[in-house]
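Take a look at the structure set out below.
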Amino acid sequence: MIPYGIWRKMTYDQYQNARHYTQIAEQFASNHWFFSVLRNALKETEGKSQGYFEDILMKEYYNNLVKILESGDFAEKHLQKFVKLEIDIQNLLCIIKTHNNIEQWDSFFNRAFIPNGLHVDQRRFKELCSIKDFSTLSQSISSLEIFSNDEPFKAMTFTSSAMLGRELSKSRLKMGQRFSRLYPLSVLPIIHYIVKKESEVENLRILARGKERKLPREIISELISA
């Protein structure tokens, strides 16, 4: 459990008693504003993986975040742009994660595609998902406008999904750093700090799990986005 969220420890203790992630989702749906979203998802739980719910929650999180920011004042416009670029990155990570592994396209698109991105709209998302060859996919991603100022990223030759995903995560960090420098008096330097801390925690988690499973050092290094 990560403290300082909106839930108390007893809420998480309640969820720990669940025997399956679908039970957690049911309890979650009855206690949170994601109620209608999860209720609809639970109607189609049979044969669905944990990633199914993760996609839905990620989409709903960003949908509500954009809605809140769009209703704010001009001071939040820079943060709104940053969030839209983050949505682009999340959509690209989703495409990589499911590359050549989409069984039901309509169902996948409806739950996984996050709207309101700056450069990856519905058309671009579908185009990238339809690319079968990984090399072509990585080149298409590198040519997106979101990476127009990231020459090292564009110059890379990606040999695996893990490598591409790692570099996308790095680009998110560089994007946050660039925004925090451009708008030092905004909330963005704080957001960048939080994003960096999230990355550190994720890297430690990858390192610990890699060591536990006795993965080669090269593979662990490939997964870490430091």
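FYI, nothing fancy with the structure tokens labels: chains A, B, ... in order, residues from 1 per chain, ligands from 1 as they appear.
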
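Contact shell of Ile191 of chain A at 12 Å (only C-alpha atoms; same-chain neighbours under 3 positions omitted): His78, Leu79, Gln80, Phe82, Val83, Glu86, Arg172, Leu173, Met175, Gly176, Gln177, Arg178, Phe179, Ser180, Arg181, Tyr183, Pro184, Ser186, Val187, Leu188, Ile194, Val195, Lys196, Lys197 and Glu198 of chain A.
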
Which residues are close to Val66 of chain A, i.e. within 12 Å by only C-alpha atoms, leaving aside same-chain residues fewer than 6 positions away? Reply as a PDB file with N, CA and C atoms, in the first residue's frame.
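Contents of the output file around_23.pdb:
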ATOM      1  N   LYS A  59      -7.507   4.525 -19.088  1.00  0.00           N
ATOM      2  CA  LYS A  59      -8.282   5.395 -19.978  1.00  0.00           C
ATOM      3  C   LYS A  59      -9.176   6.327 -19.174  1.00  0.00           C
ATOM      4  N   GLU A  60      -9.852   5.789 -18.181  1.00  0.00           N
ATOM      5  CA  GLU A  60     -10.766   6.605 -17.383  1.00  0.00           C
ATOM      6  C   GLU A  60     -10.007   7.655 -16.578  1.00  0.00           C
ATOM      7  N   GLY A  72     -10.345  24.351 -16.202  1.00  0.00           N
ATOM      8  CA  GLY A  72      -9.571  25.281 -15.387  1.00  0.00           C
ATOM      9  C   GLY A  72      -9.251  26.566 -16.120  1.00  0.00           C
ATOM     10  N   GLU A  76      -3.380  26.648 -16.202  1.00  0.00           N
ATOM     11  CA  GLU A  76      -3.254  25.200 -16.273  1.00  0.00           C
ATOM     12  C   GLU A  76      -3.063  24.698 -17.704  1.00  0.00           C
ATOM     13  N   LYS A  77      -2.970  25.598 -18.673  1.00  0.00           N
ATOM     14  CA  LYS A  77      -2.862  25.189 -20.071  1.00  0.00           C
ATOM     15  C   LYS A  77      -1.563  24.445 -20.352  1.00  0.00           C
ATOM     16  N   LEU A  79       0.098  22.599 -18.211  1.00  0.00           N
ATOM     17  CA  LEU A  79      -0.080  21.272 -17.631  1.00  0.00           C
ATOM     18  C   LEU A  79      -0.987  20.429 -18.521  1.00  0.00           C
ATOM     19  N   GLN A  80      -1.992  21.059 -19.093  1.00  0.00           N
ATOM     20  CA  GLN A  80      -2.902  20.348 -19.990  1.00  0.00           C
ATOM     21  C   GLN A  80      -2.145  19.801 -21.202  1.00  0.00           C
ATOM     22  N   LYS A  81      -1.252  20.600 -21.761  1.00  0.00           N
ATOM     23  CA  LYS A  81      -0.455  20.141 -22.907  1.00  0.00           C
ATOM     24  C   LYS A  81       0.449  18.984 -22.503  1.00  0.00           C
ATOM     25  N   PHE A  82       1.046  19.085 -21.328  1.00  0.00           N
ATOM     26  CA  PHE A  82       1.913  18.012 -20.839  1.00  0.00           C
ATOM     27  C   PHE A  82       1.125  16.711 -20.692  1.00  0.00           C
ATOM     28  N   VAL A  83      -0.074  16.802 -20.145  1.00  0.00           N
ATOM     29  CA  VAL A  83      -0.914  15.614 -19.963  1.00  0.00           C
ATOM     30  C   VAL A  83      -1.292  15.016 -21.316  1.00  0.00           C
ATOM     31  N   LYS A  84      -1.581  15.857 -22.296  1.00  0.00           N
ATOM     32  CA  LYS A  84      -1.928  15.364 -23.630  1.00  0.00           C
ATOM     33  C   LYS A  84      -0.745  14.619 -24.264  1.00  0.00           C
ATOM     34  N   LEU A  85       0.461  15.113 -24.031  1.00  0.00           N
ATOM     35  CA  LEU A  85       1.645  14.410 -24.525  1.00  0.00           C
ATOM     36  C   LEU A  85       1.846  13.093 -23.775  1.00  0.00           C
ATOM     37  N   GLU A  86       1.527  13.095 -22.490  1.00  0.00           N
ATOM     38  CA  GLU A  86       1.588  11.851 -21.713  1.00  0.00           C
ATOM     39  C   GLU A  86       0.604  10.825 -22.268  1.00  0.00           C
ATOM     40  N   ILE A  87      -0.556  11.284 -22.675  1.00  0.00           N
ATOM     41  CA  ILE A  87      -1.549  10.387 -23.273  1.00  0.00           C
ATOM     42  C   ILE A  87      -0.990   9.770 -24.552  1.00  0.00           C
ATOM     43  N   ILE A 114      -6.826   5.932 -25.622  1.00  0.00           N
ATOM     44  CA  ILE A 114      -7.114   7.082 -24.766  1.00  0.00           C
ATOM     45  C   ILE A 114      -7.224   8.317 -25.654  1.00  0.00           C
ATOM     46  N   PRO A 115      -8.380   8.940 -25.712  1.00  0.00           N
ATOM     47  CA  PRO A 115      -8.537  10.133 -26.558  1.00  0.00           C
ATOM     48  C   PRO A 115      -7.856  11.354 -25.942  1.00  0.00           C
ATOM     49  N   ASN A 116      -7.873  12.443 -26.671  1.00  0.00           N
ATOM     50  CA  ASN A 116      -7.360  13.747 -26.213  1.00  0.00           C
ATOM     51  C   ASN A 116      -5.844  13.851 -26.216  1.00  0.00           C
ATOM     52  N   GLY A 117      -5.159  12.919 -26.899  1.00  0.00           N
ATOM     53  CA  GLY A 117      -3.723  13.071 -27.056  1.00  0.00           C
ATOM     54  C   GLY A 117      -3.414  14.212 -28.013  1.00  0.00           C
ATOM     55  N   LEU A 118      -2.172  14.650 -28.025  1.00  0.00           N
ATOM     56  CA  LEU A 118      -1.800  15.788 -28.865  1.00  0.00           C
ATOM     57  C   LEU A 118      -1.476  15.360 -30.294  1.00  0.00           C
TER      58      LEU A 118
END

Residue neighbourhood segment 91-105 of chain A, 8 Å, only C-alpha atoms, exclusion window fewer than 4 positions, as a ChimeraX atom specification: /A:87,109,112-114,120,125,128-129,132,141,161,164-165,168

Export, as a short mmCIF file (atom, residue, chain, number, x, y, z; two decimals), in the first residue's frame, the selected residues with N, CA and C atoms.
data_model
loop_
_atom_site.label_atom_id
_atom_site.label_comp_id
_atom_site.auth_asym_id
_atom_site.auth_seq_id
_atom_site.Cartn_x
_atom_site.Cartn_y
_atom_site.Cartn_z
N ILE A 87 -0.56 11.28 -22.68
CA ILE A 87 -1.55 10.39 -23.27
C ILE A 87 -0.99 9.77 -24.55
N PHE A 109 -9.84 -1.58 -29.11
CA PHE A 109 -9.78 -0.14 -29.37
C PHE A 109 -10.67 0.62 -28.40
N ALA A 112 -8.91 0.48 -24.89
CA ALA A 112 -7.49 0.81 -24.72
C ALA A 112 -7.12 2.20 -25.24
N PHE A 113 -7.73 2.64 -26.33
CA PHE A 113 -7.34 3.93 -26.90
C PHE A 113 -7.78 5.06 -25.98
N ILE A 114 -6.83 5.93 -25.62
CA ILE A 114 -7.11 7.08 -24.77
C ILE A 114 -7.22 8.32 -25.65
N VAL A 120 -1.33 11.57 -31.24
CA VAL A 120 -1.81 10.23 -31.58
C VAL A 120 -3.34 10.21 -31.46
N PHE A 125 -3.60 5.96 -34.21
CA PHE A 125 -3.56 4.78 -33.34
C PHE A 125 -3.88 3.52 -34.13
N LEU A 128 -1.00 2.60 -36.59
CA LEU A 128 0.15 1.99 -35.92
C LEU A 128 -0.17 0.56 -35.47
N CYS A 129 -1.38 0.35 -35.00
CA CYS A 129 -1.78 -1.00 -34.57
C CYS A 129 -1.80 -1.98 -35.74
N LYS A 132 2.38 -4.75 -38.94
CA LYS A 132 2.79 -6.07 -38.47
C LYS A 132 4.29 -6.17 -38.20
N ILE A 141 6.85 5.17 -35.31
CA ILE A 141 6.75 5.86 -34.02
C ILE A 141 7.82 6.94 -33.92
N SER A 161 10.62 -4.91 -28.37
CA SER A 161 9.54 -4.11 -27.77
C SER A 161 9.98 -3.53 -26.44
N LEU A 164 12.14 -0.46 -27.05
CA LEU A 164 11.33 0.67 -27.50
C LEU A 164 10.49 1.23 -26.35
N GLY A 165 9.91 0.34 -25.55
CA GLY A 165 9.13 0.78 -24.40
C GLY A 165 9.97 1.54 -23.40
N LEU A 168 10.65 4.99 -24.75
CA LEU A 168 9.45 5.83 -24.65
C LEU A 168 9.29 6.36 -23.23
#

From A:Lys154, A:Glu212, A:Asp121, A:Lys126, residue lying nearest Ile89 of chain A [only C-alpha atoms]: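 Ranked by minimum distance to Ile89 of chain A, first place goes to A:Asp121.
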
Pairwise distance for atom CA of Lys170 of chain A and atom CA of Phe147 of chain A, rounded to one decimal in Å: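 Here the two named atoms are 11.7 Å from each other.
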
Members of segment 53-185 of chain A assigned alpha helix (DSSP H) by DSSP, as a PyMOL selection string: chain A and resi 53-70+77-97+105-112+122-129+134-142+151-155+161-182

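Atom to atom, atom CA of Asp106 of chain A and atom CA of Ile68 of chain A stand 27.8 Å apart.
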
Selected residue of minimal separation from Gly210 of chain A among A:Ile131, A:Ile190, A:Leu223, A:Leu144, counting only C-alpha atoms: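 Selected residue with least distance to Gly210 of chain A: A:Leu223.
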
d(atom CA of Ser221 of chain A, atom CA of Ser199 of chain A) in Å: 14.0 Å

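Proximity of A:Ser138, A:Asp133, A:Ile219, A:Asp88 to Ala155 of chain A, computed with only C-alpha atoms, is greatest for A:Ser138.
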